[in-house]
Amino acid sequence: MTGIELSSNAFNDHSFIARRHAYEGPNVSPPLTWSGVPDDAAELVLLCEDPDAPSGTFAHWVVVGIDPHSDGVEAGQSPPGGTELVNGYGQHGWGGPHPPPGDDAHHYVFRLYALSEPCVLPDAPRADQVHEEAGKRRLADGTLVGLYQR
């Protein structure tokens, strides 16, 4: 299995995400770029999750149906061809970091999956449902981790 290079010009891997992207800030989704998507990918699926959330892993962004020939998404936009599902806040699209005040920095794991066939998910999937369904069709994936603390 090959790997996808996933990065952002807004933060480096395992570095802090700016307040601009946080839920209590302007709540603008970060820009992302990717490369290394296999030629035979049918679609891309993007998940951003917080595995450190007190109530269990929290889905901040779930996007299905992303054009496999795309190479990224601008800040505040939906990925090309993608459908944004309902996040853990109960809203469609991006919902930025919002850890409890005083917690150690939480990890926000962005994962981009390249799939051999389209993935069918409920409108408001849990992160584990995304991993399970995408895992059945995965050709490649890539991760980028951001940190946030209040």
# chains A, B, ... in the order shown; residues from 1 in each chain; ligands from 1
$ residues_around --residues "Tyr108 of chain A" --least-positions-apart "2" --cutoff "8 Å" --atoms "only C-alpha atoms" --output "list in words"
Cys48, Glu49, Asp50, Pro51, Pro97, His106, Phe110, Val145, Gly146, Leu147 and Tyr148 of chain A
$ write_last_selection --atoms "C-alpha atoms" --output "PDB file, in the first residue's frame"
ATOM      1  CA  CYS A  48     -10.383  15.119  10.981  1.00  0.00           C
ATOM      2  CA  GLU A  49     -10.773  13.638  14.446  1.00  0.00           C
ATOM      3  CA  ASP A  50      -9.760  14.401  18.032  1.00  0.00           C
ATOM      4  CA  PRO A  51      -8.886  11.125  19.773  1.00  0.00           C
ATOM      5  CA  PRO A  97     -10.773  22.450  17.639  1.00  0.00           C
ATOM      6  CA  HIS A 106      -5.315  17.747  21.945  1.00  0.00           C
ATOM      7  CA  PHE A 110      -6.395  14.706   9.522  1.00  0.00           C
ATOM      8  CA  VAL A 145      -1.570  15.939  12.963  1.00  0.00           C
ATOM      9  CA  GLY A 146      -2.216  19.394  14.401  1.00  0.00           C
ATOM     10  CA  LEU A 147      -2.302  20.395  18.070  1.00  0.00           C
ATOM     11  CA  TYR A 148      -4.623  22.803  19.857  1.00  0.00           C
TER      12      TYR A 148
END
$ select_by_dssp --residues "segment 24-131 of chain A" --states "strand (DSSP E)" --output "PyMOL selection string"
chain A and resi 32-35+43-50+58-66+72-73+83-84+106-115
$ closest_residue --among "A:Leu121, A:Ala53, A:Val86, A:Val109" --to "Glu133 of chain A" --atoms "only C-alpha atoms"
A:Leu121
$ select_by_dssp --residues "segment 3-143 of chain A" --states "alpha helix (DSSP H)" --output "list in words"
Ala127, Asp128, Gln129, Val130, His131, Glu132, Glu133, Ala134 and Gly135 of chain A
$ write_last_selection --atoms "N, CA, C and O atoms" --output "PDB file, in the first residue's frame"
ATOM      1  N   ALA A 127     -16.227   8.702  13.928  1.00  0.00           N
ATOM      2  CA  ALA A 127     -14.894   8.506  13.349  1.00  0.00           C
ATOM      3  C   ALA A 127     -14.611   7.026  13.111  1.00  0.00           C
ATOM      4  O   ALA A 127     -14.057   6.656  12.069  1.00  0.00           O
ATOM      5  N   ASP A 128     -15.001   6.152  14.047  1.00  0.00           N
ATOM      6  CA  ASP A 128     -14.723   4.727  13.868  1.00  0.00           C
ATOM      7  C   ASP A 128     -15.485   4.150  12.676  1.00  0.00           C
ATOM      8  O   ASP A 128     -14.992   3.245  11.997  1.00  0.00           O
ATOM      9  N   GLN A 129     -16.667   4.680  12.374  1.00  0.00           N
ATOM     10  CA  GLN A 129     -17.411   4.227  11.196  1.00  0.00           C
ATOM     11  C   GLN A 129     -16.672   4.618   9.915  1.00  0.00           C
ATOM     12  O   GLN A 129     -16.634   3.847   8.955  1.00  0.00           O
ATOM     13  N   VAL A 130     -16.095   5.818   9.897  1.00  0.00           N
ATOM     14  CA  VAL A 130     -15.338   6.262   8.729  1.00  0.00           C
ATOM     15  C   VAL A 130     -14.135   5.339   8.531  1.00  0.00           C
ATOM     16  O   VAL A 130     -13.887   4.850   7.418  1.00  0.00           O
ATOM     17  N   HIS A 131     -13.386   5.078   9.592  1.00  0.00           N
ATOM     18  CA  HIS A 131     -12.220   4.200   9.491  1.00  0.00           C
ATOM     19  C   HIS A 131     -12.605   2.806   9.000  1.00  0.00           C
ATOM     20  O   HIS A 131     -11.938   2.230   8.145  1.00  0.00           O
ATOM     21  N   GLU A 132     -13.685   2.274   9.554  1.00  0.00           N
ATOM     22  CA  GLU A 132     -14.110   0.917   9.187  1.00  0.00           C
ATOM     23  C   GLU A 132     -14.504   0.837   7.715  1.00  0.00           C
ATOM     24  O   GLU A 132     -14.033  -0.039   6.980  1.00  0.00           O
ATOM     25  N   GLU A 133     -15.360   1.746   7.275  1.00  0.00           N
ATOM     26  CA  GLU A 133     -15.832   1.702   5.883  1.00  0.00           C
ATOM     27  C   GLU A 133     -14.724   2.055   4.895  1.00  0.00           C
ATOM     28  O   GLU A 133     -14.599   1.414   3.856  1.00  0.00           O
ATOM     29  N   ALA A 134     -13.926   3.054   5.202  1.00  0.00           N
ATOM     30  CA  ALA A 134     -12.827   3.427   4.313  1.00  0.00           C
ATOM     31  C   ALA A 134     -11.775   2.322   4.277  1.00  0.00           C
ATOM     32  O   ALA A 134     -11.187   2.045   3.228  1.00  0.00           O
ATOM     33  N   GLY A 135     -11.547   1.686   5.417  1.00  0.00           N
ATOM     34  CA  GLY A 135     -10.556   0.619   5.491  1.00  0.00           C
ATOM     35  C   GLY A 135     -10.866  -0.551   4.569  1.00  0.00           C
ATOM     36  O   GLY A 135      -9.952  -1.218   4.074  1.00  0.00           O
TER      37      GLY A 135
END
$ closest_residue --among "A:Leu47, A:Ala18, A:Ala124, A:Ala10" --to "Tyr89 of chain A" --atoms "only C-alpha atoms"
A:Ala124
$ closest_residue --among "A:Leu85, A:Cys119, A:Ile17, A:Val64" --to "Pro31 of chain A" --atoms "only C-alpha atoms"
A:Ile17
$ closest_residue --among "A:Trp34, A:Tyr23, A:Trp61, A:Phe16" --to "Asp123 of chain A" --atoms "only C-alpha atoms"
A:Trp61
$ closest_residue --among "A:Gly88, A:Gly93, A:Gly76, A:Gly82" --to "His21 of chain A" --atoms "only C-alpha atoms"
A:Gly76
$ residues_around --residues "Arg150 of chain A" --least-positions-apart "3" --cutoff "8 Å" --atoms "only C-alpha atoms" --output "list in words"
His98, Pro99, Pro100, Pro101, Gly102, Asp103 and Ala105 of chain A
$ closest_residue --among "A:Gln149, A:Ile4, A:Glu24, A:Ser15" --to "Gly95 of chain A" --atoms "only C-alpha atoms"
A:Glu24
$ atom_distance --atom1 "atom CA of Thr33 of chain A" --atom2 "atom CA of Gly81 of chain A"
15.0 Å
